[in-house]
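Asker: Please see the structure below; I have some questions.
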Amino acid sequence: MTKLRLERDLPYAPAQLWEMVGDVERYPEFIPWIKSLRAYNRDLTDEDIARFDADVAVGFKLLTERFSTRVTRARAALLVDFDLIRGPFRKLQGRWTFTPSAAGTKVAFDMDIDIKNPLLDAVFKANFNLAVSKLLAIFESRARQLYGAKR
């Protein structure tokens with residue numbers, strides 16, 4: 001099992017970053033290893049919380065995997081959570097949080113992942129730090145594209 005926590009201060013409003021990260025259906029447009037994503041089973045539990053399921057196909061070189069997650073977006077708490085429904089994992093859980101900071105927003109990303117297949121697990125662990133750093137850089141670039149360069 002691999003646990004991860006990344007934090008970064010970004011010069012944008014928490015609500016802007018929450019909206020960008022929560023717009024999961026757009027991920028294939030800017031995250032190169034997400035080959036496809038389909039959202040379904042939408043449920044607006046109240047004015048604040050929206051849930052949906054997402055089927056995702058990810059690919060790295062010749063390797064492609066598919067999995068499904070349940071995504072929960074909580075507007076008032078500025079949270080985006082995802083939990084595994086099915087796929088090549090024993091466990092996949094994640095949470096994005098967006099907290100006001102002097103710089104704009106402290107973005108925190110927590111992930112807990114355990115991959116069933118030993119070969120996939122070895123490939124993932126060998127590239128883990130690079131992939132996570134690249135993911136955060138991709139979201140930062142997306143924020144600049146959507147909201148402009150700040151400070």
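Ordering of the structure tokens sets the chain letters (A, B, ...); residue numbers start at 1 within each chain; ligands are numbered from 1 in the order shown.
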Quick one: residues within 10 Å of Met20 of chain A, only C-alpha atoms, excluding same-chain residues fewer than 6 positions away - as a list in words?
Answerer: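 Listed by chain and then number, they are Pro14, Arg26, Tyr27, Phe139, Arg142, Ala143, Leu146 and Tyr147 of chain A.
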Asker: Just want the 8 Å neighbourhood of Ile34 of chain A, counted on only C-alpha atoms, with same-chain residues fewer than 6 positions away dropped. Output as a list in words.
Answerer: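 The residues that qualify are Tyr27, Pro28, Val56, Ala57, Val58 and Gly59 of chain A.
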Asker: Restricting it to all heavy atoms, dump the selection as an mmCIF file, in the first residue's frame.
Answerer:
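Final file, part.cif:
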data_model
loop_
_atom_site.group_PDB
_atom_site.id
_atom_site.type_symbol
_atom_site.label_atom_id
_atom_site.label_comp_id
_atom_site.auth_asym_id
_atom_site.auth_seq_id
_atom_site.Cartn_x
_atom_site.Cartn_y
_atom_site.Cartn_z
ATOM 1 N N TYR A 27 -10.623 15.939 -17.568
ATOM 2 C CA TYR A 27 -9.274 15.416 -17.356
ATOM 3 C C TYR A 27 -8.610 14.893 -18.623
ATOM 4 O O TYR A 27 -7.420 15.153 -18.848
ATOM 5 C CB TYR A 27 -9.269 14.321 -16.284
ATOM 6 C CG TYR A 27 -9.409 14.798 -14.860
ATOM 7 C CD1 TYR A 27 -9.732 16.121 -14.536
ATOM 8 C CD2 TYR A 27 -9.226 13.909 -13.815
ATOM 9 C CE1 TYR A 27 -9.859 16.530 -13.216
ATOM 10 C CE2 TYR A 27 -9.348 14.310 -12.489
ATOM 11 C CZ TYR A 27 -9.666 15.621 -12.196
ATOM 12 O OH TYR A 27 -9.778 16.018 -10.895
ATOM 13 N N PRO A 28 -9.319 14.166 -19.503
ATOM 14 C CA PRO A 28 -8.642 13.686 -20.719
ATOM 15 C C PRO A 28 -8.117 14.815 -21.608
ATOM 16 O O PRO A 28 -7.219 14.595 -22.422
ATOM 17 C CB PRO A 28 -9.728 12.880 -21.447
ATOM 18 C CG PRO A 28 -10.669 12.452 -20.362
ATOM 19 C CD PRO A 28 -10.673 13.607 -19.381
ATOM 20 N N VAL A 56 -12.672 5.199 -15.997
ATOM 21 C CA VAL A 56 -11.456 5.847 -16.457
ATOM 22 C C VAL A 56 -10.558 4.811 -17.126
ATOM 23 O O VAL A 56 -10.411 3.697 -16.627
ATOM 24 C CB VAL A 56 -10.689 6.478 -15.267
ATOM 25 C CG1 VAL A 56 -9.465 7.241 -15.745
ATOM 26 C CG2 VAL A 56 -11.597 7.374 -14.443
ATOM 27 N N ALA A 57 -9.957 5.198 -18.253
ATOM 28 C CA ALA A 57 -8.918 4.392 -18.890
ATOM 29 C C ALA A 57 -7.629 5.196 -18.847
ATOM 30 O O ALA A 57 -7.599 6.350 -19.296
ATOM 31 C CB ALA A 57 -9.280 4.064 -20.328
ATOM 32 N N VAL A 58 -6.597 4.617 -18.257
ATOM 33 C CA VAL A 58 -5.289 5.265 -18.191
ATOM 34 C C VAL A 58 -4.295 4.432 -18.976
ATOM 35 O O VAL A 58 -4.386 3.202 -19.010
ATOM 36 C CB VAL A 58 -4.794 5.476 -16.740
ATOM 37 C CG1 VAL A 58 -5.696 6.432 -15.990
ATOM 38 C CG2 VAL A 58 -4.679 4.164 -15.995
ATOM 39 N N GLY A 59 -3.363 5.104 -19.617
ATOM 40 C CA GLY A 59 -2.368 4.396 -20.400
ATOM 41 C C GLY A 59 -0.988 4.992 -20.232
ATOM 42 O O GLY A 59 -0.823 6.216 -20.232
#
Asker: Find the residue from A:Ala13, A:Ala74, A:Leu62, A:Leu4 that sits nearest to Lys125 of chain A; use only C-alpha atoms when measuring.
Answerer: A:Leu4
Asker: In chain A, what's helix (DSSP H, G or I) per DSSP? Answer as number ranges by chain?
Answerer: A: 14-22, 24-30, 118-147
Asker: Looking at only C-alpha atoms, which of A:Arg8, A:Arg144, A:Arg86, A:Arg75 is the one that sits closest to Asp48 of chain A?
Answerer: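 Closest candidate: A:Arg75.
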Asker: Fewer than 4 positions away in the same chain doesn't count, so skip those; otherwise give me all residues within 9 Å of Ala77 of chain A, counting only C-alpha atoms, as a PDB file with N, CA, C and O atoms, in the first residue's frame.
Answerer:
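The result, written out as around-v5.pdb:
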ATOM      1  N   ASP A  48     -25.217  21.282  -1.884  1.00  0.00           N
ATOM      2  CA  ASP A  48     -23.788  21.353  -1.622  1.00  0.00           C
ATOM      3  C   ASP A  48     -23.000  20.150  -2.135  1.00  0.00           C
ATOM      4  O   ASP A  48     -21.852  20.289  -2.520  1.00  0.00           O
ATOM      5  N   ARG A  73     -18.136  15.659  -4.752  1.00  0.00           N
ATOM      6  CA  ARG A  73     -17.737  17.070  -4.736  1.00  0.00           C
ATOM      7  C   ARG A  73     -18.566  17.793  -3.678  1.00  0.00           C
ATOM      8  O   ARG A  73     -19.783  17.846  -3.787  1.00  0.00           O
ATOM      9  N   THR A  97      -8.196  18.947  -1.086  1.00  0.00           N
ATOM     10  CA  THR A  97      -8.741  19.996  -0.229  1.00  0.00           C
ATOM     11  C   THR A  97      -8.142  21.331  -0.658  1.00  0.00           C
ATOM     12  O   THR A  97      -7.000  21.395  -1.128  1.00  0.00           O
ATOM     13  N   PHE A  98      -8.914  22.386  -0.465  1.00  0.00           N
ATOM     14  CA  PHE A  98      -8.531  23.725  -0.908  1.00  0.00           C
ATOM     15  C   PHE A  98      -8.800  24.696   0.238  1.00  0.00           C
ATOM     16  O   PHE A  98      -9.950  24.967   0.571  1.00  0.00           O
TER      17      PHE A  98
END
Asker: Near segment 113-122 of chain A, within 6 Å and counting only C-alpha atoms, which residues show up once chain neighbours fewer than 3 positions away are dropped, as a ChimeraX atom specification?
Answerer: /A:1-2,88-92,125
Asker: Selection from above, N, CA and C atoms, as a PDB file, in the first residue's frame, can you write it?
Answerer:
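Just written: result_18.pdb:
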ATOM      1  N   MET A   1       0.851  -1.171   0.000  1.00  0.00           N
ATOM      2  CA  MET A   1       0.000   0.000   0.000  1.00  0.00           C
ATOM      3  C   MET A   1       0.899   1.237   0.000  1.00  0.00           C
ATOM      4  N   THR A   2       0.511   2.226  -0.794  1.00  0.00           N
ATOM      5  CA  THR A   2       1.263   3.466  -0.890  1.00  0.00           C
ATOM      6  C   THR A   2       0.354   4.620  -0.509  1.00  0.00           C
ATOM      7  N   PRO A  88      -8.046  -2.468 -11.073  1.00  0.00           N
ATOM      8  CA  PRO A  88      -6.863  -3.273 -10.749  1.00  0.00           C
ATOM      9  C   PRO A  88      -6.237  -2.919  -9.389  1.00  0.00           C
ATOM     10  N   PHE A  89      -7.052  -2.457  -8.472  1.00  0.00           N
ATOM     11  CA  PHE A  89      -6.564  -2.035  -7.160  1.00  0.00           C
ATOM     12  C   PHE A  89      -7.254  -2.822  -6.056  1.00  0.00           C
ATOM     13  N   ARG A  90      -6.556  -2.988  -4.946  1.00  0.00           N
ATOM     14  CA  ARG A  90      -7.211  -3.459  -3.732  1.00  0.00           C
ATOM     15  C   ARG A  90      -7.855  -2.250  -3.052  1.00  0.00           C
ATOM     16  N   LYS A  91      -7.178  -1.104  -3.206  1.00  0.00           N
ATOM     17  CA  LYS A  91      -7.663   0.124  -2.580  1.00  0.00           C
ATOM     18  C   LYS A  91      -7.242   1.309  -3.446  1.00  0.00           C
ATOM     19  N   LEU A  92      -8.140   2.258  -3.584  1.00  0.00           N
ATOM     20  CA  LEU A  92      -7.847   3.533  -4.234  1.00  0.00           C
ATOM     21  C   LEU A  92      -8.783   4.560  -3.619  1.00  0.00           C
ATOM     22  N   LYS A 125       5.260   1.868  -8.552  1.00  0.00           N
ATOM     23  CA  LYS A 125       6.186   2.319  -7.503  1.00  0.00           C
ATOM     24  C   LYS A 125       7.472   2.891  -8.090  1.00  0.00           C
TER      25      LYS A 125
END
Asker: Any idea what the distance is between atom CA of Leu136 of chain A and atom CA of Leu6 of chain A?
Answerer: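 Separating atom CA of Leu136 of chain A from atom CA of Leu6 of chain A is a distance of 8.4 Å.
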